[in-house]
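K.L.:
Got a structure for you, written out below as structure tokens; questions coming shortly.
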Amino acid sequence: MNSQSAALSSATPRLESIRSPRQWWKDAVIYQIYPRSFADSNGDGIGDLAGITVHLDYLAGLSIDAIWLSPFYVSPQADAGYDVADYRQVDPLFGTLEDFDVMLAAAHARDLRVIVDVVPNHTSTAHDWFAAALAAGAGSPARARYIFRDGAGESGENPPNNWQSLFGGPAWTRAADGEWYLHLFDSSQPDLNWRHPDVLEEFDSILRFWLDRGVDGFRVDVAHGLIKHDDLPDHDFDAPFEGTGNFGPMWDQDDVHAIYQRWNGVLAEYGGERIMVAEAWVSPPERLSRYVRADEMQQAFNFEFMTVGWDATGLRRSIDAARAITGEVGATTTWVMSNHDVVRHVSRLGLPDPTSWPKGISASDAQPDYRLGLARARAMTLLVLALPGSAYVFEGEELGLPDHTTLRDEDRMDPGFFRSGGRDVGRDGCRIPLPWSGSEPGFGFGPTDKTWLPQPVEFGELAVDRQDGVAGSTLELYRAALALRRGRALGAGDLTWHVSTPTVLHFSNSGVRVVVNFGHSPLPLPHGLELILSSGPGAVVAGGLQPNHAVWLV
Ligand code: NOJ
């Protein structure tokens with residue numbers, strides 16, 4: 001073991017995780033805010049922290065428990081803020097630290113906890129450490145904080161290994177003096193060397209900086225990527241792999257867990273109610289559960305569930321597996337349907353194959369059937385919000401927003417589009433600024449008509465003010481479902497299956513019967529039960545649950 005490996009394993013002595021009896025996260029509903037697309041207070045077309053503060057009553061009215069904010073730190077914005085240049089400052093695009101403190105206090109005053117993103121796998125090339133590393137030259141201590149290597153080939157003209165960036169192209173870029181640096185994402189996002197003690201200490205300090213300000217936890221970006229195989233071996237990208245996660249010598253290495261044990265100790269210093277949630281695209285699910293062992297993180301996104309789509313058999317299998325596996329380590333499961341990296345589920349579920357998993361949808365692709373996708377998405381909402389465990393809601397899903405599937409290439413911003421030469425259209429389609437008012441310029445996103453990505457015209461009809469108080473709207477469905485979920489403590493309940501076939505899922509939790517019709521014909525509902533919520537106005541006709549609909553009965 002070299003001295004840097006020793007630094008990692010002998011990190012801060014493991015403190016016992018202090019878990020209070022409450023463990024609020026175990027059944028929490030957490031709403032993801034993508035700050036640049038939530039609400040703009042100053043008219044520059046980019047959402048900001050003050051915009052969030054303005055809408056906190058709206059969020060509290062959803063009966064959610066917490067909000068999670070994607071990055072708002074100083075950044076060149078090459079990857080929409082996931083390229084951080086200063087982890088302790090708010091980017092002027094989003095406001096100031098004072099704006100953050102105001103937002104945090106206002107959220108807490110409404111009993112909303114606040115989770116922020118931490119981006120530890122890589123910094124921005126604009127970070128002081130990287131500038132110092134480039135300036136200091138090959139072999140310098142400053143370079144040891146990143147992963148610099150000599151190239152292959154006679155004069156080092158080839159990358160050190162065959163790793164590929166997740167955004168396309170090689171995962172290595174050559175510095176002017178000939179050394180190469182590793183970046184699993186964009187070339188502006190150099191990977192840190194997590195075997196280096198400076199990196200460990202710096203991130204302890206960053207966590208404490210935000211914990212001292214009062215945040216309730218962290219969403220850990222690329223949690224499975226921090227430790228790479230020491231030898232940086234070539235990877236066989238064509239090797240068969242059964243799973244939905246990332247696989248290879250750059251992902252999910254066993255030593256990564258020592259970092260989260262260390263961080264668990266840092267959070268425990270703050271009283272046991274602070275959490276970490278892992279963004280870890282790993283599989284099989286047993287590998288994911290390692291991140292939520294009692295002395296590591298509290299939650300991990302259950303992406304395997306998200307990728308299943310409209311498939312009763314697959315969902316049943318996924319739900320049972322996730323619950324059993326997380327239960328073994330004393331954690332609960334998270335249920336996630338959408339986020340800022342994937343096609344919104346309203347659009348996915350309306351595709352000709354509603355189990356498909358496109359990286360993005362462009363105008364030249366088959367277009368989703370919006371009405372069908374929305375019906376299924378609303379039925380999925382009733383399924384997901386009735387499951388025991390924690391649920392995540394991505395901003396705008398409560399409005400039934402689809403992806404923007406006809407964006408023009410010249411409007412795209414995602415580095416994935418550019419690095420793949422346009423082969424992947426990228427993730428912009430799910431990141432469109434929210435519509436708050438159907439009749440105002442920019443659909444009320446801000447005080448001007450500016451929006452950093454164009455909104456599709458259909459967003460007007462879906463705006464908050466068009467759905468607010470309207471019986472049968474998607475917004476009112478979410479409000480009702482979330483209030484019932486809280487009132488009946490469904491997140492803390494248990495699940496009993498009654499029927500599970502390729503066309504029906506029917507279970508109960510805490511006295512609530514949940515029936516979802518995945519088939520093509522109406523489904524007789526059980527007799528003698530009262531309907532307390534249905535996924536749409538036409539869900540039940542003459543006692544029969546219509547296809548693509550769901551109900552809650554008691
Ligand atoms: C995952 C984030 O969710 C995504 O938006 C980002 O591009 C990558 N990590 C790199 O930080």
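To be explicit about the labels: the chains of the structure tokens are called A, B, and onward in the order shown, and within each one the residues are counted from 1, while ligands get numbers from 1 in the order they are shown.
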Which residues are near Ser124 in chain A? Cut-off 6 Å, only C-alpha atoms, ignore same chain within fewer than 3 positions. Put them as a list in words.

P.N.:
Asp83, Val84, Ala85, His127, Ser188 and Gln189 of chain A

K.L.:
Kindly export the residues of the current selection with all heavy atoms, as a CSV table (one decimal), in the first residue's frame.

P.N.:
```csv
chain,number,residue,atom,x,y,z
A,83,ASP,N,-19.3,21.3,-12.8
A,83,ASP,CA,-17.9,21.6,-13.0
A,83,ASP,C,-17.6,22.7,-12.1
A,83,ASP,O,-17.8,23.9,-12.4
A,83,ASP,CB,-17.6,22.0,-14.5
A,83,ASP,CG,-18.6,23.0,-15.1
A,83,ASP,OD1,-19.8,22.9,-14.8
A,83,ASP,OD2,-18.2,23.9,-15.8
A,84,VAL,N,-17.2,22.4,-10.9
A,84,VAL,CA,-17.1,23.4,-9.8
A,84,VAL,C,-15.7,24.0,-9.7
A,84,VAL,O,-14.7,23.3,-9.6
A,84,VAL,CB,-17.5,22.8,-8.4
A,84,VAL,CG1,-17.5,23.8,-7.3
A,84,VAL,CG2,-18.9,22.1,-8.5
A,85,ALA,N,-15.7,25.3,-9.7
A,85,ALA,CA,-14.4,26.1,-9.5
A,85,ALA,C,-14.2,26.5,-8.1
A,85,ALA,O,-13.1,26.7,-7.7
A,85,ALA,CB,-14.4,27.3,-10.5
A,127,HIS,N,-10.8,25.4,-11.4
A,127,HIS,CA,-10.5,25.4,-10.0
A,127,HIS,C,-9.0,25.7,-9.7
A,127,HIS,O,-8.2,25.4,-10.5
A,127,HIS,CB,-10.8,24.0,-9.5
A,127,HIS,CG,-10.8,23.8,-8.0
A,127,HIS,ND1,-9.6,23.8,-7.2
A,127,HIS,CD2,-11.8,23.7,-7.1
A,127,HIS,CE1,-10.0,23.6,-6.0
A,127,HIS,NE2,-11.3,23.6,-5.9
A,188,SER,N,-13.2,19.6,-19.4
A,188,SER,CA,-13.2,20.7,-18.4
A,188,SER,C,-13.5,20.2,-17.0
A,188,SER,O,-13.6,21.0,-16.1
A,188,SER,CB,-14.2,21.7,-18.8
A,188,SER,OG,-15.5,21.2,-18.7
A,189,GLN,N,-13.6,18.8,-16.8
A,189,GLN,CA,-13.9,18.2,-15.5
A,189,GLN,C,-12.8,17.2,-15.1
A,189,GLN,O,-13.1,16.0,-15.1
A,189,GLN,CB,-15.3,17.6,-15.5
A,189,GLN,CG,-16.4,18.6,-15.7
A,189,GLN,CD,-17.7,17.9,-16.1
A,189,GLN,OE1,-17.8,17.3,-17.2
A,189,GLN,NE2,-18.7,18.0,-15.3
```

K.L.:
Show which residues sit within 12 Å of Glu440 in chain A, as a list in words. Count only C-alpha atoms, and ignore same-chain residues fewer than 3 positions away.

P.N.:
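Near Glu440 in chain A, the qualifying residues are Pro435, Trp436, Ser437, Phe443, Gly444, Phe445, Gly446, Pro447, Thr448, Asp449, Lys450, Phe459, Gly460, Glu461, Ala463, Val464, Asp465 and Arg466 of chain A.
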
K.L.:
Output the selection as an mmCIF file, in the first residue's frame - C-alpha atoms for each residue.

P.N.:
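Final output, out-v5.cif:
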```
data_model
loop_
_atom_site.group_PDB
_atom_site.id
_atom_site.type_symbol
_atom_site.label_atom_id
_atom_site.label_comp_id
_atom_site.auth_asym_id
_atom_site.auth_seq_id
_atom_site.Cartn_x
_atom_site.Cartn_y
_atom_site.Cartn_z
ATOM 1 C CA PRO A 435 -43.834 27.319 -16.613
ATOM 2 C CA TRP A 436 -45.452 29.168 -13.709
ATOM 3 C CA SER A 437 -48.018 31.189 -15.645
ATOM 4 C CA PHE A 443 -44.562 31.327 -19.058
ATOM 5 C CA GLY A 444 -43.766 33.243 -15.868
ATOM 6 C CA PHE A 445 -40.332 31.669 -15.417
ATOM 7 C CA GLY A 446 -38.999 35.144 -14.569
ATOM 8 C CA PRO A 447 -39.760 38.824 -14.985
ATOM 9 C CA THR A 448 -38.648 38.832 -18.652
ATOM 10 C CA ASP A 449 -39.261 36.528 -21.589
ATOM 11 C CA LYS A 450 -35.712 35.132 -21.350
ATOM 12 C CA PHE A 459 -45.804 24.326 -21.550
ATOM 13 C CA GLY A 460 -48.351 27.175 -21.468
ATOM 14 C CA GLU A 461 -51.278 24.844 -20.836
ATOM 15 C CA ALA A 463 -48.240 26.068 -16.226
ATOM 16 C CA VAL A 464 -48.830 26.100 -12.477
ATOM 17 C CA ASP A 465 -51.564 28.734 -12.692
ATOM 18 C CA ARG A 466 -53.454 26.687 -15.303
#
```

K.L.:
When you look at Asp236 in chain A with a cut-off of 10 Å (counting only C-alpha atoms), what residues show up, excluding the ones that are within fewer than 6 positions of it in the same chain? I need them as a PyMOL selection string.

P.N.:
chain A and resi 162-163+248-249

K.L.:
Fewer than 2 positions away in the same chain doesn't count, so skip those; otherwise give me all residues within 8 Å of Asn264 in chain A, counting only C-alpha atoms, as a PyMOL selection string.

P.N.:
chain A and resi 15+17+260-262+266-268+295-297

K.L.:
Could you produce a table of the residues of chain A lying within 9 Å of ligand 1, with the nearest pair of atoms per residue and their separation in Å rounded to one decimal, using only C-alpha atoms and all ligand atoms, ordered by chain and increasing residue number, as a tab-separated table?

P.N.:
```
residue	atom	partner	partner_atom_place_in_ligand_line	distance
A:Ser70	CA	ligand 1	3 (O)	8.0
A:Asp79	CA	ligand 1	7 (O)	5.8
A:Ala80	CA	ligand 1	5 (O)	7.4
A:Gly81	CA	ligand 1	11 (O)	8.3
A:Tyr82	CA	ligand 1	11 (O)	4.6
A:Asp83	CA	ligand 1	11 (O)	6.7
A:Val119	CA	ligand 1	11 (O)	6.5
A:Pro120	CA	ligand 1	11 (O)	8.6
A:Asn121	CA	ligand 1	11 (O)	7.5
A:His122	CA	ligand 1	11 (O)	7.4
A:Thr123	CA	ligand 1	11 (O)	9.0
A:Leu166	CA	ligand 1	10 (C)	8.7
A:Phe167	CA	ligand 1	7 (O)	8.4
A:Leu184	CA	ligand 1	10 (C)	8.3
A:Phe185	CA	ligand 1	10 (C)	6.0
A:Asp186	CA	ligand 1	10 (C)	8.1
A:Gln189	CA	ligand 1	11 (O)	7.9
A:Val220	CA	ligand 1	1 (C)	8.9
A:Asp221	CA	ligand 1	9 (N)	5.4
A:Val222	CA	ligand 1	9 (N)	5.3
A:Ala223	CA	ligand 1	9 (N)	9.0
A:Glu279	CA	ligand 1	1 (C)	7.1
A:Ala280	CA	ligand 1	1 (C)	9.0
A:Asn339	CA	ligand 1	3 (O)	8.0
A:His340	CA	ligand 1	5 (O)	6.4
A:Asp341	CA	ligand 1	5 (O)	5.5
A:Asp414	CA	ligand 1	7 (O)	8.5
A:Pro415	CA	ligand 1	7 (O)	8.3
A:Gly416	CA	ligand 1	7 (O)	8.3
A:Arg427	CA	ligand 1	5 (O)	8.4
```

K.L.:
Give the helix (DSSP H, G or I) residues of range 262-420 of chain A, as DSSP finds them on the backbone, and put them as an MDAnalysis selection string.

P.N.:
chainID A and resid 262:268 285:292 303:306 312:328 345:348 370:384 397:399 409:411 415:419

K.L.:
Just the residues within 12 Å of Gly543 in chain A, please, counting only C-alpha atoms, with nothing from its chain fewer than 4 positions along; format it as a tab-separated table (two decimals) with all heavy atoms, in the first residue's frame.

P.N.:
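What landed in part.tsv:
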```tsv
chain	number	residue	atom	x	y	z
A	522	PRO	N	-60.55	-2.92	-19.61
A	522	PRO	CA	-60.93	-2.51	-18.26
A	522	PRO	C	-60.80	-3.66	-17.27
A	522	PRO	O	-60.95	-4.83	-17.63
A	522	PRO	CB	-62.39	-2.07	-18.41
A	522	PRO	CG	-62.55	-1.78	-19.85
A	522	PRO	CD	-61.63	-2.69	-20.58
A	523	LEU	N	-60.56	-3.29	-16.02
A	523	LEU	CA	-60.27	-4.29	-14.99
A	523	LEU	C	-61.31	-4.13	-13.88
A	523	LEU	O	-61.45	-3.03	-13.33
A	523	LEU	CB	-58.88	-3.96	-14.45
A	523	LEU	CG	-58.24	-4.82	-13.42
A	523	LEU	CD1	-57.77	-6.11	-14.08
A	523	LEU	CD2	-57.04	-4.06	-12.85
A	524	PRO	N	-62.07	-5.19	-13.57
A	524	PRO	CA	-63.04	-5.05	-12.47
A	524	PRO	C	-62.30	-4.77	-11.17
A	524	PRO	O	-61.29	-5.40	-10.88
A	524	PRO	CB	-63.73	-6.42	-12.42
A	524	PRO	CG	-63.25	-7.18	-13.62
A	524	PRO	CD	-62.02	-6.53	-14.13
A	525	LEU	N	-62.82	-3.79	-10.40
A	525	LEU	CA	-62.17	-3.45	-9.13
A	525	LEU	C	-62.77	-4.27	-8.00
A	525	LEU	O	-63.92	-4.71	-8.10
A	525	LEU	CB	-62.35	-1.96	-8.84
A	525	LEU	CG	-61.48	-1.03	-9.70
A	525	LEU	CD1	-61.87	0.43	-9.49
A	525	LEU	CD2	-59.99	-1.24	-9.38
A	526	PRO	N	-62.02	-4.49	-6.91
A	526	PRO	CA	-62.58	-5.23	-5.79
A	526	PRO	C	-63.83	-4.52	-5.25
A	526	PRO	O	-63.90	-3.29	-5.25
A	526	PRO	CB	-61.47	-5.23	-4.74
A	526	PRO	CG	-60.34	-4.46	-5.30
A	526	PRO	CD	-60.65	-4.05	-6.70
A	527	HIS	N	-64.84	-5.32	-4.82
A	527	HIS	CA	-66.10	-4.74	-4.33
A	527	HIS	C	-65.96	-4.23	-2.90
A	527	HIS	O	-65.09	-4.68	-2.16
A	527	HIS	CB	-67.20	-5.79	-4.36
A	527	HIS	CG	-67.60	-6.13	-5.77
A	527	HIS	ND1	-68.20	-5.23	-6.62
A	527	HIS	CD2	-67.45	-7.28	-6.48
A	527	HIS	CE1	-68.40	-5.80	-7.79
A	527	HIS	NE2	-67.94	-7.05	-7.74
A	528	GLY	N	-66.84	-3.32	-2.55
A	528	GLY	CA	-66.97	-2.92	-1.15
A	528	GLY	C	-65.90	-1.97	-0.65
A	528	GLY	O	-65.80	-1.74	0.55
A	529	LEU	N	-65.08	-1.44	-1.54
A	529	LEU	CA	-64.04	-0.51	-1.09
A	529	LEU	C	-64.36	0.89	-1.62
A	529	LEU	O	-64.97	1.05	-2.66
A	529	LEU	CB	-62.67	-0.97	-1.61
A	529	LEU	CG	-62.17	-2.31	-1.06
A	529	LEU	CD1	-60.87	-2.72	-1.74
A	529	LEU	CD2	-62.00	-2.27	0.45
A	530	GLU	N	-63.88	1.87	-0.84
A	530	GLU	CA	-64.16	3.25	-1.23
A	530	GLU	C	-62.99	3.80	-2.04
A	530	GLU	O	-61.81	3.60	-1.68
A	530	GLU	CB	-64.33	4.08	0.06
A	530	GLU	CG	-64.66	5.54	-0.18
A	530	GLU	CD	-64.39	6.39	1.06
A	530	GLU	OE1	-64.26	5.81	2.16
A	530	GLU	OE2	-64.28	7.62	0.91
A	531	LEU	N	-63.30	4.50	-3.11
A	531	LEU	CA	-62.27	5.12	-3.95
A	531	LEU	C	-61.80	6.42	-3.29
A	531	LEU	O	-62.61	7.31	-3.06
A	531	LEU	CB	-62.87	5.42	-5.33
A	531	LEU	CG	-61.98	6.12	-6.34
A	531	LEU	CD1	-60.90	5.19	-6.86
A	531	LEU	CD2	-62.82	6.66	-7.50
A	538	GLY	N	-61.14	9.96	-15.90
A	538	GLY	CA	-61.81	8.82	-16.55
A	538	GLY	C	-61.29	7.47	-16.10
A	538	GLY	O	-61.45	6.47	-16.81
A	539	ALA	N	-60.67	7.41	-14.92
A	539	ALA	CA	-59.99	6.17	-14.52
A	539	ALA	C	-60.95	5.01	-14.34
A	539	ALA	O	-60.65	3.87	-14.72
A	539	ALA	CB	-59.20	6.41	-13.23
A	551	VAL	N	-55.76	3.41	-9.13
A	551	VAL	CA	-56.62	3.94	-8.06
A	551	VAL	C	-56.05	3.57	-6.70
A	551	VAL	O	-55.30	2.60	-6.57
A	551	VAL	CB	-58.07	3.39	-8.14
A	551	VAL	CG1	-58.84	4.01	-9.29
A	551	VAL	CG2	-58.08	1.86	-8.22
```
